[in-house]
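Visitor: Below is the file input01.pdb, which contains PDB, C-alpha atoms.
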ATOM      1  CA  MET A   1       0.000   0.000   0.000
ATOM      2  CA  PRO A   2       1.319   3.444  -0.915
ATOM      3  CA  ILE A   3       1.421   4.857   2.626
ATOM      4  CA  LYS A   4       2.551   8.247   1.304
ATOM      5  CA  ALA A   5      -0.507   8.892  -0.854
ATOM      6  CA  ILE A   6      -2.935   7.645   1.798
ATOM      7  CA  SER A   7      -1.390   9.700   4.596
ATOM      8  CA  ALA A   8      -1.227  12.801   2.379
ATOM      9  CA  SER A   9      -4.881  12.436   1.465
ATOM     10  CA  THR A  10      -5.774  11.834   5.128
ATOM     11  CA  ALA A  11      -3.839  14.941   6.180
ATOM     12  CA  LEU A  12      -5.551  17.066   3.515
ATOM     13  CA  MET A  13      -9.019  15.825   4.436
ATOM     14  CA  PHE A  14      -8.457  16.106   8.187
ATOM     15  CA  GLY A  15      -7.121  19.638   7.700
ATOM     16  CA  LEU A  16     -10.252  20.514   5.743
ATOM     17  CA  TRP A  17     -12.406  18.957   8.470
ATOM     18  CA  LEU A  18     -10.612  20.962  11.173
ATOM     19  CA  MET A  19     -11.100  24.223   9.268
ATOM     20  CA  LEU A  20     -14.761  23.658   8.507
ATOM     21  CA  SER A  21     -16.154  21.905  11.569
ATOM     22  CA  GLY A  22     -15.717  24.484  14.345
ATOM     23  CA  HIS A  23     -16.217  21.774  17.028
ATOM     24  CA  TYR A  24     -13.063  21.109  18.985
ATOM     25  CA  THR A  25     -13.846  18.493  21.635
ATOM     26  CA  GLY A  26     -11.834  15.300  21.959
ATOM     27  CA  LEU A  27     -14.639  13.008  20.796
ATOM     28  CA  LEU A  28     -15.542  15.033  17.694
ATOM     29  CA  ILE A  29     -11.922  15.541  16.636
ATOM     30  CA  SER A  30     -11.228  11.813  16.862
ATOM     31  CA  LEU A  31     -14.407  11.052  14.904
ATOM     32  CA  GLY A  32     -13.251  13.522  12.254
ATOM     33  CA  LEU A  33      -9.838  11.881  12.081
ATOM     34  CA  ILE A  34     -11.425   8.429  11.751
ATOM     35  CA  SER A  35     -13.645   9.625   8.872
ATOM     36  CA  ALA A  36     -10.642  11.203   7.125
ATOM     37  CA  ILE A  37      -8.722   7.903   7.345
ATOM     38  CA  GLY A  38     -11.793   5.946   6.224
ATOM     39  CA  ALA A  39     -12.403   8.213   3.232
ATOM     40  CA  SER A  40      -8.727   7.932   2.193
ATOM     41  CA  LEU A  41      -8.836   4.138   2.409
ATOM     42  CA  ILE A  42     -11.998   4.037   0.280
ATOM     43  CA  ALA A  43     -10.393   6.431  -2.241
ATOM     44  CA  TYR A  44      -7.343   4.150  -2.367
ATOM     45  CA  ARG A  45      -9.570   1.123  -2.968
ATOM     46  CA  MET A  46     -11.309   3.031  -5.785
ATOM     47  CA  GLY A  47      -7.893   3.564  -7.356
ATOM     48  CA  VAL A  48      -8.141   7.363  -7.526
ATOM     49  CA  LEU A  49      -5.161   8.124  -5.276
ATOM     50  CA  ASP A  50      -2.636   8.051  -8.136
ATOM     51  CA  GLU A  51      -0.583  10.814  -9.728
ATOM     52  CA  GLU A  52      -3.671  11.919 -11.636
ATOM     53  CA  GLY A  53      -6.128  12.024  -8.745
ATOM     54  CA  LEU A  54      -3.725  13.481  -6.185
ATOM     55  CA  PRO A  55      -0.825  15.212  -7.986
ATOM     56  CA  LEU A  56       0.958  16.109  -4.736
ATOM     57  CA  GLY A  57       4.116  17.679  -6.169
ATOM     58  CA  LEU A  58       2.041  19.850  -8.491
ATOM     59  CA  LEU A  59      -0.301  20.957  -5.683
ATOM     60  CA  ILE A  60       2.591  21.852  -3.396
ATOM     61  CA  ARG A  61       4.328  23.932  -6.081
ATOM     62  CA  LEU A  62       1.096  25.637  -7.198
ATOM     63  CA  PRO A  63       1.456  28.716  -4.894
ATOM     64  CA  LYS A  64       4.709  29.574  -6.719
ATOM     65  CA  VAL A  65       2.878  30.579  -9.898
ATOM     66  CA  SER A  66      -0.292  31.962  -8.310
ATOM     67  CA  PHE A  67       0.827  35.602  -8.091
ATOM     68  CA  TRP A  68       2.101  35.567 -11.655
ATOM     69  CA  LEU A  69      -1.158  33.905 -12.796
ATOM     70  CA  ILE A  70      -3.325  36.474 -10.964
ATOM     71  CA  TRP A  71      -1.364  39.277 -12.632
ATOM     72  CA  GLU A  72      -1.819  37.681 -16.081
ATOM     73  CA  ILE A  73      -5.556  37.218 -15.420
ATOM     74  CA  LEU A  74      -5.913  40.883 -14.393
ATOM     75  CA  LYS A  75      -4.121  42.098 -17.525
ATOM     76  CA  SER A  76      -6.191  40.008 -19.915
ATOM     77  CA  ASN A  77      -9.409  40.891 -18.062
ATOM     78  CA  ILE A  78      -8.773  44.518 -19.036
ATOM     79  CA  ASP A  79      -7.955  43.529 -22.639
ATOM     80  CA  VAL A  80     -11.160  41.489 -23.000
ATOM     81  CA  ALA A  81     -13.166  44.332 -21.426
ATOM     82  CA  ARG A  82     -11.809  46.622 -24.181
ATOM     83  CA  VAL A  83     -12.977  44.219 -26.872
ATOM     84  CA  ILE A  84     -16.415  43.981 -25.226
ATOM     85  CA  MET A  85     -16.785  47.764 -25.393
ATOM     86  CA  ASN A  86     -16.025  47.522 -29.108
ATOM     87  CA  PRO A  87     -17.145  44.087 -30.418
ATOM     88  CA  ALA A  88     -16.142  44.950 -33.973
ATOM     89  CA  SER A  89     -12.470  44.820 -32.925
ATOM     90  CA  ALA A  90     -12.656  41.080 -32.223
ATOM     91  CA  GLN A  91     -10.480  38.978 -34.542
ATOM     92  CA  PRO A  92     -11.234  35.455 -33.322
ATOM     93  CA  ASP A  93      -8.853  32.705 -34.353
ATOM     94  CA  LEU A  94      -8.046  29.082 -33.576
ATOM     95  CA  VAL A  95      -4.407  28.240 -32.859
ATOM     96  CA  ARG A  96      -2.575  25.081 -31.883
ATOM     97  CA  VAL A  97      -0.295  25.378 -28.877
ATOM     98  CA  LYS A  98       2.509  22.911 -28.200
ATOM     99  CA  ALA A  99       2.535  21.722 -24.586
ATOM    100  CA  SER A 100       5.755  20.479 -23.009
ATOM    101  CA  GLN A 101       4.217  18.820 -19.936
ATOM    102  CA  LYS A 102       5.003  15.174 -19.311
ATOM    103  CA  THR A 103       2.138  14.210 -16.993
ATOM    104  CA  VAL A 104      -1.598  14.254 -17.643
ATOM    105  CA  ALA A 105      -2.171  16.403 -14.544
ATOM    106  CA  GLY A 106       0.377  18.901 -15.869
ATOM    107  CA  LEU A 107      -1.270  19.042 -19.302
ATOM    108  CA  VAL A 108      -4.684  19.590 -17.707
ATOM    109  CA  THR A 109      -3.231  22.333 -15.514
ATOM    110  CA  TYR A 110      -1.779  24.078 -18.576
ATOM    111  CA  ALA A 111      -5.104  23.852 -20.436
ATOM    112  CA  ASN A 112      -6.921  25.145 -17.355
ATOM    113  CA  PHE A 113      -4.496  28.059 -17.019
ATOM    114  CA  ILE A 114      -5.114  28.948 -20.676
ATOM    115  CA  THR A 115      -8.873  28.865 -20.155
ATOM    116  CA  LEU A 116      -8.586  30.725 -16.851
ATOM    117  CA  THR A 117      -6.931  33.657 -18.605
ATOM    118  CA  PRO A 118      -9.778  35.552 -20.294
ATOM    119  CA  GLY A 119      -9.428  35.929 -24.045
ATOM    120  CA  THR A 120      -8.144  32.405 -24.583
ATOM    121  CA  VAL A 121     -10.160  29.188 -24.203
ATOM    122  CA  ALA A 122      -8.783  25.667 -24.628
ATOM    123  CA  VAL A 123     -11.194  23.982 -27.050
ATOM    124  CA  ASN A 124      -9.552  20.592 -27.373
ATOM    125  CA  VAL A 125      -6.612  18.812 -25.769
ATOM    126  CA  ASP A 126      -4.765  16.180 -27.783
ATOM    127  CA  GLU A 127      -2.985  13.843 -25.400
ATOM    128  CA  THR A 128      -1.054  11.944 -28.055
ATOM    129  CA  SER A 129       0.541  14.912 -29.838
ATOM    130  CA  ASN A 130       0.587  17.125 -26.694
ATOM    131  CA  GLU A 131      -1.218  19.901 -28.513
ATOM    132  CA  ILE A 132      -3.926  22.197 -27.211
ATOM    133  CA  LEU A 133      -6.366  23.789 -29.654
ATOM    134  CA  VAL A 134      -7.067  27.294 -28.390
ATOM    135  CA  HIS A 135      -9.704  29.836 -29.388
ATOM    136  CA  GLY A 136      -8.379  33.385 -28.988
ATOM    137  CA  LEU A 137     -10.599  36.468 -28.985
ATOM    138  CA  THR A 138      -8.174  38.746 -30.860
ATOM    139  CA  LYS A 139      -4.890  38.495 -32.736
ATOM    140  CA  ASN A 140      -3.142  39.827 -29.630
ATOM    141  CA  PHE A 141      -4.303  36.902 -27.490
ATOM    142  CA  CYS A 142      -3.263  34.389 -30.164
ATOM    143  CA  ASP A 143       0.187  35.971 -30.446
ATOM    144  CA  GLY A 144       0.454  35.926 -26.655
ATOM    145  CA  LEU A 145       0.106  32.145 -26.760
ATOM    146  CA  ALA A 146       3.282  31.837 -28.830
ATOM    147  CA  ASP A 147       5.144  33.104 -25.753
ATOM    148  CA  PRO A 148       6.259  29.909 -23.964
ATOM    149  CA  GLU A 149       6.361  31.489 -20.501
ATOM    150  CA  MET A 150       3.127  29.929 -19.183
ATOM    151  CA  ASP A 151       4.065  26.563 -20.692
ATOM    152  CA  LYS A 152       7.455  26.716 -18.955
ATOM    153  CA  ARG A 153       5.960  27.706 -15.631
ATOM    154  CA  VAL A 154       3.451  24.838 -15.676
ATOM    155  CA  SER A 155       6.173  22.370 -16.679
ATOM    156  CA  ALA A 156       8.238  23.597 -13.731
ATOM    157  CA  LEU A 157       5.271  22.728 -11.495
ATOM    158  CA  GLU A 158       5.615  19.094 -12.487
ATOM    159  CA  GLY A 159       9.092  18.975 -10.973
ATOM    160  CA  GLY A 160      11.513  16.189 -11.690
ATOM    161  CA  GLN A 161       9.144  13.335 -10.880
ATOM    162  CA  SER A 162       8.011  10.893 -13.533
TER     163      SER A 162
ATOM    164  CA  MET B   1      -0.885  55.298  19.477
ATOM    165  CA  VAL B   2      -1.061  51.603  18.632
ATOM    166  CA  ASP B   3      -4.851  51.819  18.865
ATOM    167  CA  ASP B   4      -4.896  54.624  16.319
ATOM    168  CA  VAL B   5      -2.820  52.639  13.846
ATOM    169  CA  LEU B   6      -5.027  49.567  14.283
ATOM    170  CA  MET B   7      -8.121  51.672  13.668
ATOM    171  CA  LEU B   8      -6.604  53.138  10.495
ATOM    172  CA  VAL B   9      -5.740  49.642   9.257
ATOM    173  CA  ASP B  10      -9.309  48.581   9.950
ATOM    174  CA  ILE B  11     -10.757  51.536   8.035
ATOM    175  CA  ALA B  12      -8.391  50.870   5.109
ATOM    176  CA  ARG B  13      -9.435  47.211   5.129
ATOM    177  CA  GLN B  14     -13.111  48.157   4.888
ATOM    178  CA  ILE B  15     -12.544  50.736   2.139
ATOM    179  CA  ILE B  16     -10.466  48.311   0.051
ATOM    180  CA  GLY B  17     -13.027  45.570   0.679
ATOM    181  CA  VAL B  18     -15.943  47.686  -0.512
ATOM    182  CA  GLY B  19     -13.852  48.912  -3.466
ATOM    183  CA  ALA B  20     -13.109  45.315  -4.483
ATOM    184  CA  LEU B  21     -16.815  44.440  -4.243
ATOM    185  CA  LEU B  22     -17.725  47.400  -6.485
ATOM    186  CA  LEU B  23     -14.995  46.604  -9.028
ATOM    187  CA  GLY B  24     -16.052  42.951  -9.026
ATOM    188  CA  SER B  25     -19.674  43.920  -9.689
ATOM    189  CA  LEU B  26     -18.480  46.130 -12.542
ATOM    190  CA  ALA B  27     -16.504  43.201 -13.990
ATOM    191  CA  ILE B  28     -19.589  40.954 -13.771
ATOM    192  CA  LEU B  29     -21.685  43.615 -15.511
ATOM    193  CA  LEU B  30     -19.057  43.923 -18.276
ATOM    194  CA  GLY B  31     -18.944  40.144 -18.656
ATOM    195  CA  ALA B  32     -22.729  40.032 -18.978
ATOM    196  CA  ILE B  33     -22.653  42.786 -21.621
ATOM    197  CA  GLY B  34     -19.956  40.826 -23.452
ATOM    198  CA  LEU B  35     -22.102  37.693 -23.296
ATOM    199  CA  LEU B  36     -24.828  39.632 -25.139
ATOM    200  CA  ARG B  37     -22.745  41.643 -27.591
ATOM    201  CA  LEU B  38     -20.051  39.290 -28.874
ATOM    202  CA  GLY B  39     -20.384  37.350 -32.113
ATOM    203  CA  ASP B  40     -20.635  33.581 -31.597
ATOM    204  CA  VAL B  41     -20.524  30.884 -28.903
ATOM    205  CA  TYR B  42     -16.739  30.871 -28.720
ATOM    206  CA  GLN B  43     -16.460  34.650 -28.414
ATOM    207  CA  ARG B  44     -19.214  34.821 -25.827
ATOM    208  CA  MET B  45     -17.245  32.408 -23.640
ATOM    209  CA  HIS B  46     -14.539  35.059 -23.300
ATOM    210  CA  GLY B  47     -17.176  37.397 -21.867
ATOM    211  CA  ALA B  48     -18.159  34.684 -19.398
ATOM    212  CA  GLY B  49     -14.448  34.337 -18.600
ATOM    213  CA  ILE B  50     -14.439  37.852 -17.155
ATOM    214  CA  VAL B  51     -17.319  36.912 -14.838
ATOM    215  CA  ASP B  52     -15.502  33.740 -13.760
ATOM    216  CA  THR B  53     -12.135  35.344 -13.036
ATOM    217  CA  GLY B  54     -12.221  39.106 -12.499
ATOM    218  CA  GLY B  55     -15.816  39.213 -11.276
ATOM    219  CA  ALA B  56     -15.795  36.243  -8.911
ATOM    220  CA  GLY B  57     -12.213  36.928  -7.831
ATOM    221  CA  LEU B  58     -12.767  40.562  -6.878
ATOM    222  CA  VAL B  59     -16.106  39.881  -5.148
ATOM    223  CA  LEU B  60     -14.489  37.070  -3.114
ATOM    224  CA  LEU B  61     -11.501  39.327  -2.298
ATOM    225  CA  GLY B  62     -13.907  42.000  -1.066
ATOM    226  CA  LEU B  63     -15.846  39.497   1.042
ATOM    227  CA  LEU B  64     -12.559  38.125   2.393
ATOM    228  CA  LEU B  65     -11.477  41.588   3.542
ATOM    229  CA  LEU B  66     -14.883  42.263   5.104
ATOM    230  CA  SER B  67     -15.280  38.830   6.721
ATOM    231  CA  PRO B  68     -16.045  39.035  10.466
ATOM    232  CA  ASP B  69     -13.877  36.114  11.645
ATOM    233  CA  TRP B  70     -11.443  33.501  10.387
ATOM    234  CA  THR B  71     -13.992  30.665   9.940
ATOM    235  CA  VAL B  72     -15.809  32.765   7.318
ATOM    236  CA  ALA B  73     -12.473  33.766   5.744
ATOM    237  CA  VAL B  74     -11.418  30.100   5.418
ATOM    238  CA  ARG B  75     -14.687  29.255   3.674
ATOM    239  CA  ILE B  76     -14.269  32.146   1.242
ATOM    240  CA  VAL B  77     -10.720  31.017   0.372
ATOM    241  CA  LEU B  78     -12.011  27.461  -0.198
ATOM    242  CA  ILE B  79     -14.806  28.749  -2.456
ATOM    243  CA  GLY B  80     -12.189  30.673  -4.434
ATOM    244  CA  GLY B  81     -10.041  27.564  -4.837
ATOM    245  CA  LEU B  82     -13.048  25.542  -5.953
ATOM    246  CA  LEU B  83     -14.022  28.178  -8.538
ATOM    247  CA  ILE B  84     -10.470  28.382  -9.906
ATOM    248  CA  MET B  85     -10.504  24.647 -10.562
ATOM    249  CA  THR B  86     -14.091  24.231 -11.791
ATOM    250  CA  SER B  87     -14.832  27.307 -13.906
ATOM    251  CA  PRO B  88     -12.174  26.682 -16.603
ATOM    252  CA  THR B  89     -13.283  23.053 -16.712
ATOM    253  CA  ALA B  90     -16.881  24.119 -17.314
ATOM    254  CA  THR B  91     -15.841  26.670 -19.967
ATOM    255  CA  HIS B  92     -13.715  24.031 -21.686
ATOM    256  CA  ALA B  93     -16.644  21.573 -21.607
ATOM    257  CA  ILE B  94     -18.891  24.108 -23.374
ATOM    258  CA  ALA B  95     -16.230  24.885 -26.005
ATOM    259  CA  ARG B  96     -15.548  21.207 -26.635
ATOM    260  CA  ALA B  97     -19.246  20.390 -26.837
ATOM    261  CA  ALA B  98     -19.795  23.239 -29.311
ATOM    262  CA  ARG B  99     -16.910  22.038 -31.474
ATOM    263  CA  PHE B 100     -17.988  18.413 -31.467
ATOM    264  CA  SER B 101     -21.569  19.277 -32.332
ATOM    265  CA  GLY B 102     -20.296  21.080 -35.402
ATOM    266  CA  VAL B 103     -20.564  24.742 -34.441
ATOM    267  CA  GLU B 104     -17.980  26.457 -36.631
ATOM    268  CA  PRO B 105     -16.307  29.464 -35.021
ATOM    269  CA  ILE B 106     -16.304  32.745 -36.925
ATOM    270  CA  LEU B 107     -12.646  33.309 -37.750
ATOM    271  CA  SER B 108     -10.962  36.478 -38.941
ATOM    272  CA  THR B 109     -10.546  36.064 -42.700
ATOM    273  CA  ASP B 110      -6.749  35.927 -43.004
ATOM    274  CA  SER B 111      -6.443  32.658 -41.105
ATOM    275  CA  LYS B 112      -9.043  30.365 -42.670
ATOM    276  CA  ASP B 113      -6.329  27.952 -43.873
ATOM    277  CA  LYS B 114      -5.082  27.179 -40.362
ATOM    278  CA  GLU B 115      -8.413  25.762 -39.247
ATOM    279  CA  GLY B 116      -8.444  22.054 -38.624
TER     280      GLY B 116
END
Take the structure in this file and express it as structure tokens.

Guide:
Amino acid sequence: MPIKAISASTALMFGLWLMLSGHYTGLLISLGLISAIGASLIAYRMGVLDEEGLPLGLLIRLPKVSFWLIWEILKSNIDVARVIMNPASAQPDLVRVKASQKTVAGLVTYANFITLTPGTVAVNVDETSNEILVHGLTKNFCDGLADPEMDKRVSALEGGQS
Amino acid sequence: MVDDVLMLVDIARQIIGVGALLLGSLAILLGAIGLLRLGDVYQRMHGAGIVDTGGAGLVLLGLLLLSPDWTVAVRIVLIGGLLIMTSPTATHAIARAARFSGVEPILSTDSKDKEG
């Protein structure tokens, strides 16, 4: 049994329980801990505690990009707002973006980051060729996708693990 | 002296919180206008993107700053995390569904050949 995945999932769920419950007596805390362990064991039995269901390394490194991502989201929010004020200036286009991620969780994170930034939406993800088909609202957004910075940052999230 | 500083911090917190709520509402309004004005399904999703990110984000930031105690603050942070993971997934699902049911996006004329 992969003790690491089960204990990580238990710790996450027990932490969530502690933050949300608001009852801190011995009996209730131990009941909460027992349910966290039980839920982790069931999740393990279901086979969802793998690198895809619980990408630990990726989750731990996620805060590193969050400030950069929030800044990018703010900038493109303003750009999309400009287009909305003047719909005739939209130059929609479909572009293919090469993704350099090695894990499925990493690829999904990259596609989600693209969609999360207004002005670009991931329409289709091709797992075999590692390509993401992206719909951009204007030429500017499509050109922005050619910049590999976001791709690099998401790949760095994956770390050195396989 | 310390009391004065704390009070100023508290006032600043409330002003920034209300400002974030107002800005967030503005972003949601803009997103809704975009949803109505833009050309096709794919373009309208970008309008919805403003509601999902700028709108929801700023409203949650405002609520976070105005929250009365830490249990409420923790819930707001969790809601934010949930939205960040689910809203792009939902947007992607709509885009993918539109593409697979044969809705062709309007493309700017100079790039018709790249479509595929």

Visitor: I need the residue set behind the ChimeraX specification (/A :<6) & /B for this file; please write it as a PyMOL selection string.

Guide: chain B and resi 34+38+46+49-50+88+92+95-96+107-108

Visitor: Just say which residues the PyMOL selection byres ((chain B and resi 21-27) around 7) picks in this file, as a list in words.

Guide: Gly17, Val18, Gly19, Ala20, Ile28, Leu29, Leu30, Gly31, Ile50, Val51, Gly54, Gly55, Ala56, Leu58, Val59 and Gly62 of chain B

Visitor: Report as a list in words the residues that result from applying the PyMOL selection byres ((chain A and resi 56-69) around 8) to the structure here.

Guide: Glu51, Leu54, Pro55, Ile70, Trp71, Glu72, Ile73, Gly106, Phe113, Arg153, Leu157, Glu158 and Gly159 of chain A

Visitor: With a distance cut-off of 12 Å and all atoms listed in the file, select the neighbouring residues of A:Thr10, excluding the residue or stretch itself and same-chain residues fewer than 2 positions from it, and output the selection as a PDB file with C-alpha atoms, in the frame of the given file.

Guide:
ATOM      1  CA  ILE A   3       1.421   4.857   2.626  1.00  0.00           C
ATOM      2  CA  LYS A   4       2.551   8.247   1.304  1.00  0.00           C
ATOM      3  CA  ALA A   5      -0.507   8.892  -0.854  1.00  0.00           C
ATOM      4  CA  ILE A   6      -2.935   7.645   1.798  1.00  0.00           C
ATOM      5  CA  SER A   7      -1.390   9.700   4.596  1.00  0.00           C
ATOM      6  CA  ALA A   8      -1.227  12.801   2.379  1.00  0.00           C
ATOM      7  CA  LEU A  12      -5.551  17.066   3.515  1.00  0.00           C
ATOM      8  CA  MET A  13      -9.019  15.825   4.436  1.00  0.00           C
ATOM      9  CA  PHE A  14      -8.457  16.106   8.187  1.00  0.00           C
ATOM     10  CA  GLY A  15      -7.121  19.638   7.700  1.00  0.00           C
ATOM     11  CA  LEU A  16     -10.252  20.514   5.743  1.00  0.00           C
ATOM     12  CA  TRP A  17     -12.406  18.957   8.470  1.00  0.00           C
ATOM     13  CA  LEU A  18     -10.612  20.962  11.173  1.00  0.00           C
ATOM     14  CA  GLY A  32     -13.251  13.522  12.254  1.00  0.00           C
ATOM     15  CA  LEU A  33      -9.838  11.881  12.081  1.00  0.00           C
ATOM     16  CA  ILE A  34     -11.425   8.429  11.751  1.00  0.00           C
ATOM     17  CA  SER A  35     -13.645   9.625   8.872  1.00  0.00           C
ATOM     18  CA  ALA A  36     -10.642  11.203   7.125  1.00  0.00           C
ATOM     19  CA  ILE A  37      -8.722   7.903   7.345  1.00  0.00           C
ATOM     20  CA  GLY A  38     -11.793   5.946   6.224  1.00  0.00           C
ATOM     21  CA  ALA A  39     -12.403   8.213   3.232  1.00  0.00           C
ATOM     22  CA  SER A  40      -8.727   7.932   2.193  1.00  0.00           C
ATOM     23  CA  LEU A  41      -8.836   4.138   2.409  1.00  0.00           C
ATOM     24  CA  ILE A  42     -11.998   4.037   0.280  1.00  0.00           C
ATOM     25  CA  ALA A  43     -10.393   6.431  -2.241  1.00  0.00           C
ATOM     26  CA  TYR A  44      -7.343   4.150  -2.367  1.00  0.00           C
ATOM     27  CA  LEU A  49      -5.161   8.124  -5.276  1.00  0.00           C
ATOM     28  CA  LEU A  54      -3.725  13.481  -6.185  1.00  0.00           C
TER      29      LEU A  54
END

Visitor: Kindly indicate which residue among A:Ser129, A:Ser9, A:Thr103, A:Ser155 lies nearest to A:Glu52, using only C-alpha atoms for the distances.

Guide: A:Thr103

Visitor: Output as JSON the centre and edge lengths (Å, one decimal) of the box along x, y and z of the file that holds every listed atom of stretch 148-151 of chain A after adding 3 Å on each side.

Guide:
{"center_x": 4.7, "center_y": 29.0, "center_z": -21.6, "size_x": 9.2, "size_y": 10.9, "size_z": 10.8}

Visitor: What separation in Å, quoted to one decimal, exists between atom CA of B:Asp3 and atom CA of B:Leu66?

Guide: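 Between atom CA of B:Asp3 and atom CA of B:Leu66 the gap works out to 19.5 Å.
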
Visitor: Got a sec to check which residues sit within 12 Å of (7.3, 15.7, -21.1), counting only C-alpha atoms, and write them as a ChimeraX atom specification?

Guide: /A:98-107,127-130,151-152,154-156,158-162

Visitor: Do you have the atom CA of B:Leu8-atom CA of B:Val72 distance handy?

Guide: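 Taking atom CA of B:Leu8 as the start and atom CA of B:Val72 as the end point, the length is 22.6 Å.
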
Visitor: So how far away is atom CA of B:Glu104 from atom CA of A:Pro148, in Å?

Guide: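 Interatomic distance, atom CA of A:Pro148 to atom CA of B:Glu104: 27.6 Å.
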